[in-house]
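With mmCIF, C-alpha atoms and all ligand atoms inside, this is model_19.cif:
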```cif
data_target
#
loop_
_atom_site.label_atom_id
_atom_site.label_comp_id
_atom_site.auth_asym_id
_atom_site.auth_seq_id
_atom_site.Cartn_x
_atom_site.Cartn_y
_atom_site.Cartn_z
CA MET A 1 0.00 0.00 0.00
CA ALA A 2 2.67 2.42 1.11
CA THR A 3 4.84 1.49 -1.86
CA THR A 4 2.04 2.33 -4.27
CA HIS A 5 1.70 5.74 -2.71
CA GLU A 6 5.44 6.28 -2.78
CA ASP A 7 5.51 5.34 -6.45
CA THR A 8 2.80 7.85 -7.12
CA LEU A 9 4.71 10.50 -5.20
CA THR A 10 7.80 9.83 -7.29
CA ALA A 11 5.93 9.67 -10.55
CA GLU A 12 4.09 12.89 -9.89
CA ARG A 13 7.19 14.79 -8.97
CA ALA A 14 7.85 17.20 -11.77
CA GLU A 15 11.31 18.71 -11.90
CA PRO A 16 10.75 22.36 -12.70
CA ALA A 17 13.75 24.56 -13.28
CA PHE A 18 13.70 26.40 -9.99
CA GLY A 19 17.05 27.95 -10.76
CA ASP A 20 15.51 30.56 -13.03
CA ARG A 21 12.46 31.26 -10.87
CA GLU A 22 12.16 34.19 -8.53
CA PRO A 23 12.52 32.91 -4.98
CA LEU A 24 9.39 33.49 -2.89
CA VAL A 25 11.08 33.07 0.49
CA GLN A 26 14.63 34.24 1.08
CA LEU A 27 16.47 33.67 4.32
CA GLN A 28 19.70 35.64 4.30
CA ASP A 29 22.27 34.67 6.92
CA VAL A 30 19.57 34.42 9.60
CA LYS A 31 20.34 33.77 13.23
CA ALA A 32 18.12 33.07 16.21
CA HIS A 33 19.98 33.39 19.48
CA PHE A 34 18.04 32.97 22.72
CA THR A 35 19.43 34.32 25.95
CA LEU A 36 18.83 32.11 28.96
CA ARG A 37 19.40 33.12 32.56
CA ARG A 38 20.85 30.11 34.28
CA GLY A 39 20.57 31.35 37.86
CA ILE A 40 21.24 34.34 40.01
CA PHE A 41 24.99 33.93 40.23
CA VAL A 42 25.67 32.22 36.96
CA SER A 43 26.25 34.16 33.76
CA LYS A 44 23.71 34.18 30.95
CA ALA A 45 23.84 31.44 28.34
CA VAL A 46 23.16 32.10 24.69
CA VAL A 47 21.41 29.32 22.79
CA LYS A 48 22.37 29.56 19.13
CA ALA A 49 19.34 27.69 17.78
CA VAL A 50 19.93 28.99 14.25
CA ASP A 51 23.36 30.34 13.53
CA GLY A 52 23.72 31.90 10.10
CA ILE A 53 21.57 30.17 7.49
CA THR A 54 20.96 31.27 3.92
CA LEU A 55 18.21 29.47 2.02
CA GLU A 56 15.76 30.32 -0.74
CA ILE A 57 12.49 28.62 -1.62
CA ALA A 58 10.89 29.16 -5.03
CA ARG A 59 7.21 29.09 -5.88
CA GLY A 60 6.17 25.52 -6.56
CA GLU A 61 9.22 24.16 -4.79
CA THR A 62 9.42 21.86 -1.76
CA VAL A 63 12.55 22.12 0.35
CA ALA A 64 12.89 19.47 3.07
CA LEU A 65 14.86 20.21 6.22
CA VAL A 66 16.31 17.21 8.00
CA GLY A 67 18.54 16.86 11.04
CA GLU A 68 18.50 15.49 14.56
CA SER A 69 16.28 16.77 17.31
CA GLY A 70 17.46 20.18 18.45
CA SER A 71 19.28 21.07 15.22
CA GLY A 72 17.11 24.15 14.75
CA LYS A 73 14.64 23.04 12.06
CA THR A 74 11.51 24.34 13.77
CA THR A 75 13.24 27.56 14.76
CA LEU A 76 14.24 28.16 11.12
CA GLY A 77 10.67 27.44 9.98
CA ARG A 78 9.36 29.89 12.54
CA ILE A 79 11.83 32.55 11.46
CA SER A 80 10.66 32.13 7.85
CA LEU A 81 7.08 32.73 9.06
CA ARG A 82 8.19 35.66 11.19
CA LEU A 83 6.81 33.90 14.26
CA ILE A 84 10.33 34.55 15.58
CA GLU A 85 12.14 37.77 14.78
CA PRO A 86 15.68 36.91 13.63
CA THR A 87 18.47 38.09 15.91
CA GLU A 88 20.51 38.81 12.78
CA GLY A 89 20.02 38.49 9.04
CA ARG A 90 17.02 39.15 6.84
CA VAL A 91 13.85 37.37 5.78
CA LEU A 92 12.38 38.43 2.44
CA PHE A 93 8.95 37.32 1.29
CA ASP A 94 8.13 38.02 -2.34
CA GLY A 95 10.97 40.53 -2.36
CA GLN A 96 9.87 42.39 0.77
CA ASP A 97 11.90 42.48 3.93
CA ILE A 98 9.69 41.20 6.74
CA SER A 99 12.47 40.60 9.27
CA HIS A 100 11.60 43.37 11.68
CA VAL A 101 8.22 44.65 10.49
CA PRO A 102 5.81 45.14 13.40
CA GLU A 103 3.12 42.45 13.71
CA GLY A 104 0.38 44.95 12.84
CA GLN A 105 1.86 45.37 9.37
CA LEU A 106 2.15 41.64 8.72
CA LEU A 107 -1.55 40.97 8.15
CA ARG A 108 -1.19 40.45 4.41
CA PHE A 109 1.81 38.20 4.96
CA ARG A 110 -0.13 36.21 7.56
CA ARG A 111 -2.72 35.47 4.89
CA ARG A 112 -0.14 34.40 2.32
CA ALA A 113 1.96 32.13 4.56
CA GLN A 114 0.60 29.30 6.68
CA ALA A 115 1.84 26.47 8.86
CA VAL A 116 0.90 22.92 9.76
CA PHE A 117 2.52 21.65 12.94
CA GLN A 118 3.45 18.23 14.16
CA ASP A 119 0.82 17.51 16.77
CA PRO A 120 -2.77 17.47 15.51
CA TYR A 121 -3.96 16.80 19.08
CA ALA A 122 -2.51 20.03 20.41
CA SER A 123 -3.14 22.25 17.38
CA LEU A 124 -6.94 21.99 17.13
CA ASN A 125 -9.38 23.63 19.51
CA ASN A 126 -11.49 20.83 20.98
CA TYR A 127 -14.44 23.14 21.60
CA MET A 128 -14.88 24.13 17.98
CA THR A 129 -16.47 22.07 15.21
CA VAL A 130 -14.48 21.15 12.12
CA ALA A 131 -16.45 23.78 10.18
CA GLN A 132 -15.57 26.50 12.69
CA ILE A 133 -11.92 25.49 12.84
CA VAL A 134 -11.47 25.60 9.08
CA GLU A 135 -13.55 28.77 8.66
CA GLU A 136 -11.77 30.75 11.36
CA PRO A 137 -8.84 32.01 9.22
CA LEU A 138 -11.36 33.35 6.67
CA VAL A 139 -13.22 35.16 9.45
CA ILE A 140 -9.98 36.61 10.87
CA HIS A 141 -8.95 37.87 7.44
CA LYS A 142 -12.49 39.05 6.65
CA ILE A 143 -12.76 36.97 3.50
CA GLY A 144 -16.14 36.39 1.83
CA ASN A 145 -19.65 36.35 3.24
CA ARG A 146 -21.15 33.47 5.17
CA GLU A 147 -22.08 31.39 2.10
CA GLU A 148 -18.80 32.00 0.33
CA ARG A 149 -16.90 30.98 3.42
CA ALA A 150 -19.00 27.85 3.83
CA ALA A 151 -18.26 26.92 0.22
CA ARG A 152 -14.53 27.40 0.75
CA VAL A 153 -14.60 25.29 3.91
CA ARG A 154 -16.28 22.48 1.98
CA GLU A 155 -13.72 22.79 -0.84
CA ALA A 156 -10.83 22.68 1.63
CA LEU A 157 -12.21 19.58 3.34
CA ASP A 158 -12.70 17.95 -0.01
CA ALA A 159 -9.12 18.83 -1.01
CA VAL A 160 -7.74 17.04 2.07
CA ARG A 161 -10.02 14.10 1.25
CA LEU A 162 -12.39 14.40 4.16
CA ARG A 163 -15.26 13.24 2.02
CA PRO A 164 -18.07 13.93 1.88
CA PRO A 165 -17.32 17.22 3.71
CA GLU A 166 -20.89 17.34 5.10
CA GLU A 167 -20.09 14.36 7.20
CA PHE A 168 -17.31 16.18 9.02
CA LEU A 169 -18.58 19.76 9.31
CA SER A 170 -20.33 19.48 12.66
CA ARG A 171 -17.92 17.03 14.28
CA PHE A 172 -15.62 17.95 17.13
CA PRO A 173 -11.92 16.99 17.01
CA HIS A 174 -12.28 14.31 19.67
CA ARG A 175 -14.41 12.34 17.26
CA LEU A 176 -11.66 12.23 14.65
CA SER A 177 -8.65 9.93 14.22
CA GLY A 178 -5.11 11.38 14.29
CA GLY A 179 -4.97 11.27 10.50
CA GLN A 180 -8.34 13.04 10.19
CA ARG A 181 -7.30 15.71 12.66
CA GLN A 182 -4.14 16.42 10.74
CA ARG A 183 -6.23 16.74 7.57
CA VAL A 184 -8.40 19.30 9.34
CA ALA A 185 -5.25 21.19 10.36
CA ILE A 186 -4.09 21.12 6.75
CA ALA A 187 -7.52 22.22 5.48
CA ARG A 188 -7.34 25.16 7.89
CA ALA A 189 -3.91 26.09 6.52
CA LEU A 190 -5.01 25.67 2.90
CA VAL A 191 -8.36 27.47 3.10
CA LEU A 192 -6.56 30.80 2.64
CA ASP A 193 -4.79 29.54 -0.52
CA PRO A 194 -1.36 30.28 0.93
CA GLU A 195 1.58 30.85 -1.37
CA TYR A 196 3.95 29.52 1.28
CA LEU A 197 3.42 26.62 3.66
CA VAL A 198 5.64 25.42 6.47
CA ALA A 199 4.81 21.79 7.22
CA ASP A 200 6.65 20.94 10.43
CA GLU A 201 6.64 17.15 10.78
CA PRO A 202 3.04 17.10 9.51
CA VAL A 203 2.79 13.32 9.42
CA SER A 204 4.98 12.20 12.31
CA MET A 205 2.04 11.66 14.67
CA VAL A 206 -0.30 10.28 12.08
CA ASP A 207 -1.12 6.60 11.54
CA ALA A 208 1.07 4.99 8.87
CA SER A 209 -1.83 4.46 6.48
CA SER A 210 -2.63 8.18 6.38
CA ARG A 211 0.92 9.43 5.91
CA ALA A 212 1.44 8.93 2.21
CA GLU A 213 -2.09 10.16 1.52
CA ILE A 214 -1.53 13.38 3.47
CA LEU A 215 1.73 14.02 1.64
CA LEU A 216 -0.10 13.47 -1.65
CA VAL A 217 -2.69 16.04 -0.63
CA LEU A 218 0.08 18.58 -0.10
CA LYS A 219 1.79 17.60 -3.34
CA ASP A 220 -1.45 17.93 -5.34
CA ARG A 221 -2.06 21.30 -3.85
CA GLN A 222 1.43 22.43 -4.69
CA GLU A 223 1.04 21.34 -8.27
CA ASP A 224 -2.33 23.08 -8.65
CA ALA A 225 -1.45 26.30 -6.85
CA GLY A 226 2.34 26.56 -7.09
CA THR A 227 2.71 26.68 -3.32
CA ALA A 228 6.24 26.89 -1.90
CA ILE A 229 6.66 24.33 0.89
CA LEU A 230 9.20 24.04 3.68
CA TYR A 231 8.85 20.44 4.81
CA ILE A 232 10.46 19.67 8.16
CA THR A 233 11.02 16.01 8.89
CA HIS A 234 13.07 13.35 10.63
CA ASP A 235 12.41 11.01 7.76
CA ILE A 236 15.03 11.61 5.10
CA ALA A 237 13.56 8.75 3.02
CA THR A 238 10.17 10.47 2.58
CA ALA A 239 12.01 13.71 1.93
CA ARG A 240 13.50 12.14 -1.17
CA HIS A 241 10.09 11.44 -2.65
CA PHE A 242 8.35 14.52 -1.49
CA ALA A 243 10.91 17.31 -1.80
CA HIS A 244 12.79 18.82 -4.71
CA ARG A 245 15.72 19.79 -2.52
CA ILE A 246 16.95 18.60 0.87
CA GLY A 247 18.80 20.74 3.39
CA VAL A 248 20.63 19.04 6.26
CA MET A 249 20.88 20.94 9.53
CA TYR A 250 23.29 20.41 12.37
CA LEU A 251 23.41 22.56 15.48
CA GLY A 252 21.89 25.65 13.90
CA HIS A 253 23.92 25.33 10.70
CA LEU A 254 23.04 24.15 7.23
CA VAL A 255 25.78 21.61 6.47
CA GLU A 256 24.52 20.31 3.12
CA LEU A 257 21.92 21.37 0.54
CA GLY A 258 21.11 19.94 -2.85
CA PRO A 259 18.66 18.24 -5.19
CA ALA A 260 16.85 15.52 -3.19
CA ASP A 261 18.17 12.56 -5.21
CA ARG A 262 21.72 13.87 -5.16
CA VAL A 263 21.76 14.37 -1.39
CA ILE A 264 20.51 10.80 -0.92
CA ASP A 265 22.53 9.09 -3.66
CA ASN A 266 25.69 11.11 -3.19
CA PRO A 267 25.68 12.44 0.38
CA LEU A 268 28.73 14.65 0.84
CA HIS A 269 28.78 15.57 4.52
CA PRO A 270 29.81 12.83 6.99
CA TYR A 271 26.78 13.85 9.08
CA THR A 272 24.40 13.31 6.15
CA ARG A 273 25.91 9.87 5.58
CA LEU A 274 25.32 8.95 9.22
CA LEU A 275 21.76 10.26 9.08
CA LEU A 276 21.08 8.09 6.05
CA GLU A 277 22.43 5.05 7.87
CA ALA A 278 20.11 5.86 10.76
CA VAL A 279 17.05 5.90 8.56
CA PRO A 280 15.77 2.43 7.64
CA GLU A 281 13.14 2.37 10.33
CA PRO A 282 9.99 4.17 9.14
CA ASP A 283 8.99 4.83 12.71
CA PRO A 284 8.08 8.09 14.45
CA GLN A 285 10.28 7.03 17.35
CA ASN A 286 13.44 6.81 15.24
CA ARG A 287 14.97 9.73 17.12
CA LEU A 288 16.28 7.19 19.59
CA LYS A 289 17.69 5.13 16.80
CA GLU A 290 19.51 8.12 15.31
CA ARG A 291 21.18 8.69 18.64
CA SER A 292 22.39 5.14 18.87
CA ILE A 293 23.95 5.18 15.42
CA ILE A 294 25.56 8.61 15.32
CA PRO A 295 28.39 8.54 17.82
CA GLY A 296 28.11 10.90 20.77
CA GLU A 297 25.23 13.12 21.83
CA PRO A 298 24.60 16.29 19.84
CA PRO A 299 26.28 19.08 21.77
CA SER A 300 24.08 21.78 23.18
CA PRO A 301 23.41 24.86 21.07
CA ALA A 302 24.20 26.80 24.26
CA ASN A 303 27.79 25.69 23.93
CA THR A 304 28.69 25.23 20.28
CA PRO A 305 32.17 23.95 19.41
CA PRO A 306 34.53 26.15 17.37
CA GLY A 307 35.18 25.38 13.70
CA CYS A 308 32.88 22.86 12.05
CA PRO A 309 30.03 22.27 14.52
CA PHE A 310 30.09 18.52 13.78
CA HIS A 311 33.83 17.99 14.38
CA PRO A 312 33.56 16.45 17.89
CA ARG A 313 31.45 13.58 16.52
CA CYS A 314 32.84 13.32 13.01
CA PRO A 315 34.43 10.05 11.87
CA GLU A 316 36.49 12.05 9.35
CA PHE A 317 37.78 14.60 11.87
CA MET A 318 41.10 16.15 10.81
CA LYS A 319 43.01 17.65 13.70
CA GLY A 320 44.27 21.17 13.20
CA THR A 321 41.72 21.84 10.41
CA CYS A 322 38.16 21.04 11.40
CA GLU A 323 38.22 22.75 14.80
CA ALA A 324 40.21 25.77 13.60
CA ALA A 325 37.61 27.64 11.56
CA GLU A 326 34.19 27.08 10.01
CA PRO A 327 34.44 25.35 6.63
CA GLU A 328 33.35 27.29 3.58
CA TRP A 329 30.10 26.62 1.75
CA LYS A 330 31.13 24.97 -1.53
CA GLU A 331 29.21 23.89 -4.62
CA ILE A 332 30.47 20.38 -5.45
CA GLU A 333 28.09 19.53 -8.29
CA PRO A 334 25.34 21.70 -9.82
CA GLY A 335 23.16 23.00 -7.01
CA HIS A 336 24.71 20.62 -4.45
CA PHE A 337 26.49 22.43 -1.61
CA VAL A 338 28.38 21.30 1.45
CA ALA A 339 30.34 22.88 4.30
CA CYS A 340 33.13 20.37 4.99
CA TYR A 341 36.94 20.31 4.79
CA LEU A 342 36.87 17.03 2.86
CA TYR A 343 36.04 19.07 -0.26
N1 LIG A 401 12.51 30.08 22.77
C1 LIG A 401 13.62 29.35 23.02
N2 LIG A 401 14.42 29.64 24.07
C2 LIG A 401 15.53 28.92 24.30
N3 LIG A 401 15.94 27.90 23.56
C3 LIG A 401 15.20 27.56 22.50
C4 LIG A 401 14.00 28.26 22.16
N4 LIG A 401 13.46 27.70 21.05
C5 LIG A 401 14.29 26.69 20.71
N5 LIG A 401 15.33 26.60 21.58
C6 LIG A 401 16.43 25.63 21.51
O1 LIG A 401 16.99 25.72 20.23
C7 LIG A 401 17.39 24.44 19.75
C8 LIG A 401 16.72 24.15 18.44
O2 LIG A 401 15.35 23.89 18.67
P1 LIG A 401 14.33 23.48 17.51
O3 LIG A 401 13.03 23.25 18.14
O4 LIG A 401 14.40 24.50 16.41
O5 LIG A 401 14.98 22.11 16.99
P2 LIG A 401 14.35 21.04 15.98
O6 LIG A 401 15.43 20.74 14.96
O7 LIG A 401 13.05 21.51 15.45
O8 LIG A 401 14.17 19.76 16.92
P3 LIG A 401 13.02 18.61 16.87
O9 LIG A 401 13.46 17.69 15.77
O10 LIG A 401 13.09 17.98 18.20
O11 LIG A 401 11.71 19.26 16.59
C9 LIG A 401 17.04 23.46 20.87
O12 LIG A 401 18.18 23.24 21.64
C10 LIG A 401 15.98 24.20 21.66
O13 LIG A 401 15.99 23.78 23.00
MG MG A 402 11.11 20.77 15.60
#
```

For this file, produce the structure as structure tokens.
Amino acid sequence: MATTHEDTLTAERAEPAFGDREPLVQLQDVKAHFTLRRGIFVSKAVVKAVDGITLEIARGETVALVGESGSGKTTLGRISLRLIEPTEGRVLFDGQDISHVPEGQLLRFRRRAQAVFQDPYASLNNYMTVAQIVEEPLVIHKIGNREERAARVREALDAVRLRPPEEFLSRFPHRLSGGQRQRVAIARALVLDPEYLVADEPVSMVDASSRAEILLVLKDRQEDAGTAILYITHDIATARHFAHRIGVMYLGHLVELGPADRVIDNPLHPYTRLLLEAVPEPDPQNRLKERSIIPGEPPSPANTPPGCPFHPRCPEFMKGTCEAAEPEWKEIEPGHFVACYLY
């Protein structure tokens, strides 16, 4: 069953020339540093959750972000949505700098960019019906009259394959399965026809049988509407089928970025290679597995090592080089970049 869906995902994946398209989302050397007070007598600690990342996403493109827990994926997604103001660097959306614009001026952006988060149990209001949940963004943005909104809610439910929509409209979230809830969350995000969607582990808490179907819903939508998608996941294998490009994050840094098949078939960074070895288990709990395969614990972003952030755990560590300075970002084959002294 899953294989059939995966085949469909692969077959449907067009390979548009993103290189010559205007990027919709541009992250320029963005940083998110959080200051923590450790105690009265102890100095402040700075958590470098995202530490200088440059990434562009074109219309119609899916970029997957992979990396261990704590590498900064969610923080980067939130910066791109301006849910977090970057400490440094710029975020451009459709050419406009939104990095430090006050919230009151972001209303139009809030309509054009949407998010789906990991946990469909936490993200839906249990006291609202499905119809109210999906309609709410339209009400907030004052779109359409009552009938028009009702029609759009039905369309959105149909698009996420909650069919027939009438059957779901008056239900409350507690009467839905995990997969159905996540579809409602996606319908809510899609009802505004966003140009940009951050999908932060959208299927990790969903039953296996719904996963491929939910990804297909997003894929269909992207193909119809040209949506740009930032897809955050632990599952590098799905990323290959679902994304055009894959970016690999480690401790707030992007260490590798390239076309999805190239990153999987020709992983350049030693960290990417280890991540790929950690993958075979299609299980939401594979965080534990990653830990057991990649030597050492990821260091804390409150205390990042000098030089290449991965050097303390790297099987290819070269003394005198890797810890001395950060490696440069190099293009090794067309569109395939890595930051590593091996190249
Ligand atoms: N508001 C905050 N204040 C302090 N530290 C934070 C804050 N937000 C995130 N962090 C820290 O920044 C680091 C990156 O967190 P983030 O949630 O972005 O990682 P992630 O890659 O999404 O991890 P996961 O795969 O577990 O979702 C973590 O060490 C986290 O504890
Ligand atoms: Mg996260």

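The neighbours of Pro137 (chain A) here are the residues that come within 9 Å of it, using all atoms listed in the file and leaving out any residue fewer than 6 positions away in the same chain; they are Arg111, Ile143, Arg188, Ala189, Val191 and Leu192 of chain A.
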
I need the residues from that last selection saved to file as a tab-separated table (two decimals), keeping the file's coordinate frame (with C-alpha atoms), if you can.
```tsv
chain	number	residue	atom	x	y	z
A	111	ARG	CA	-2.72	35.47	4.89
A	143	ILE	CA	-12.76	36.97	3.50
A	188	ARG	CA	-7.34	25.16	7.89
A	189	ALA	CA	-3.91	26.09	6.52
A	191	VAL	CA	-8.36	27.47	3.10
A	192	LEU	CA	-6.56	30.80	2.64
```

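Considering all atoms listed in the file, the residues that reside within 10 Å of ligand MG 402 (chain A) can be listed as A:Val66, A:Gly67, A:Glu68, A:Ser69, A:Gly70, A:Ser71, A:Gly72, A:Lys73, A:Thr74, A:Thr75, A:Leu76, A:Gly77, A:Arg78, A:Phe117, A:Gln118, A:Asp200, A:Glu201, A:Ile232, A:Thr233, A:His234.
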
Practice problem: Within 9 Å of region 260-270 of chain A, counting only C-alpha atoms, which residues show up once you throw out same-chain ones fewer than 3 positions away? Write them as number ranges by chain, please. | Solution: A: 63-64, 236-237, 239-247, 255-257, 273-276, 310, 314-316, 332, 336-340, 342-343

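Picture a line from CA of Asp119 (chain A) to CA of Pro173 (chain A); it runs 12.8 Å.
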
Emit as JSON the padded axis-aligned box for all listed atoms of ligand LIG 401 (chain A), 4 Å per side, with centre and edge lengths in Å to one decimal.
```
{"center_x": 14.9, "center_y": 23.9, "center_z": 19.6, "size_x": 14.5, "size_y": 20.4, "size_z": 17.3}
```

Ref. answer, residues at most 9 Å from (-12.0, 26.5, 10.0) with all atoms listed in the file, as a PDB file with C-alpha atoms, in the coordinates of the input:
```pdb
ATOM      1  CA  MET A 128     -14.880  24.130  17.980  1.00  0.00           C
ATOM      2  CA  THR A 129     -16.470  22.070  15.210  1.00  0.00           C
ATOM      3  CA  VAL A 130     -14.480  21.150  12.120  1.00  0.00           C
ATOM      4  CA  ALA A 131     -16.450  23.780  10.180  1.00  0.00           C
ATOM      5  CA  GLN A 132     -15.570  26.500  12.690  1.00  0.00           C
ATOM      6  CA  ILE A 133     -11.920  25.490  12.840  1.00  0.00           C
ATOM      7  CA  VAL A 134     -11.470  25.600   9.080  1.00  0.00           C
ATOM      8  CA  GLU A 135     -13.550  28.770   8.660  1.00  0.00           C
ATOM      9  CA  GLU A 136     -11.770  30.750  11.360  1.00  0.00           C
ATOM     10  CA  PRO A 137      -8.840  32.010   9.220  1.00  0.00           C
ATOM     11  CA  LEU A 138     -11.360  33.350   6.670  1.00  0.00           C
ATOM     12  CA  VAL A 139     -13.220  35.160   9.450  1.00  0.00           C
ATOM     13  CA  VAL A 153     -14.600  25.290   3.910  1.00  0.00           C
ATOM     14  CA  VAL A 184      -8.400  19.300   9.340  1.00  0.00           C
ATOM     15  CA  ALA A 185      -5.250  21.190  10.360  1.00  0.00           C
ATOM     16  CA  ALA A 187      -7.520  22.220   5.480  1.00  0.00           C
ATOM     17  CA  ARG A 188      -7.340  25.160   7.890  1.00  0.00           C
ATOM     18  CA  ALA A 189      -3.910  26.090   6.520  1.00  0.00           C
ATOM     19  CA  VAL A 191      -8.360  27.470   3.100  1.00  0.00           C
TER      20      VAL A 191
END
```

(-9.9, 17.8, 15.9) in this file's frame - what residues fall within 10 Å of it? Use only C-alpha atoms and give the answer as a PDB file with C-alpha atoms, in the coordinates of the input.
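Output saved as selection_18.pdb:
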```
ATOM      1  CA  PRO A 120      -2.770  17.470  15.510  1.00  0.00           C
ATOM      2  CA  TYR A 121      -3.960  16.800  19.080  1.00  0.00           C
ATOM      3  CA  ALA A 122      -2.510  20.030  20.410  1.00  0.00           C
ATOM      4  CA  SER A 123      -3.140  22.250  17.380  1.00  0.00           C
ATOM      5  CA  LEU A 124      -6.940  21.990  17.130  1.00  0.00           C
ATOM      6  CA  ASN A 125      -9.380  23.630  19.510  1.00  0.00           C
ATOM      7  CA  ASN A 126     -11.490  20.830  20.980  1.00  0.00           C
ATOM      8  CA  TYR A 127     -14.440  23.140  21.600  1.00  0.00           C
ATOM      9  CA  MET A 128     -14.880  24.130  17.980  1.00  0.00           C
ATOM     10  CA  THR A 129     -16.470  22.070  15.210  1.00  0.00           C
ATOM     11  CA  VAL A 130     -14.480  21.150  12.120  1.00  0.00           C
ATOM     12  CA  ILE A 133     -11.920  25.490  12.840  1.00  0.00           C
ATOM     13  CA  ARG A 171     -17.920  17.030  14.280  1.00  0.00           C
ATOM     14  CA  PHE A 172     -15.620  17.950  17.130  1.00  0.00           C
ATOM     15  CA  PRO A 173     -11.920  16.990  17.010  1.00  0.00           C
ATOM     16  CA  HIS A 174     -12.280  14.310  19.670  1.00  0.00           C
ATOM     17  CA  ARG A 175     -14.410  12.340  17.260  1.00  0.00           C
ATOM     18  CA  LEU A 176     -11.660  12.230  14.650  1.00  0.00           C
ATOM     19  CA  SER A 177      -8.650   9.930  14.220  1.00  0.00           C
ATOM     20  CA  GLY A 178      -5.110  11.380  14.290  1.00  0.00           C
ATOM     21  CA  GLY A 179      -4.970  11.270  10.500  1.00  0.00           C
ATOM     22  CA  GLN A 180      -8.340  13.040  10.190  1.00  0.00           C
ATOM     23  CA  ARG A 181      -7.300  15.710  12.660  1.00  0.00           C
ATOM     24  CA  GLN A 182      -4.140  16.420  10.740  1.00  0.00           C
ATOM     25  CA  ARG A 183      -6.230  16.740   7.570  1.00  0.00           C
ATOM     26  CA  VAL A 184      -8.400  19.300   9.340  1.00  0.00           C
ATOM     27  CA  ALA A 185      -5.250  21.190  10.360  1.00  0.00           C
TER      28      ALA A 185
END
```

Quiz item: How many Å lie between CA of Ala150 (chain A) and CA of Phe168 (chain A), rounded to one decimal?
Solution: 12.9 Å

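From atom C3 of ligand LIG 401 (chain A) back to CA of Lys44 (chain A), the distance works out to 13.7 Å.
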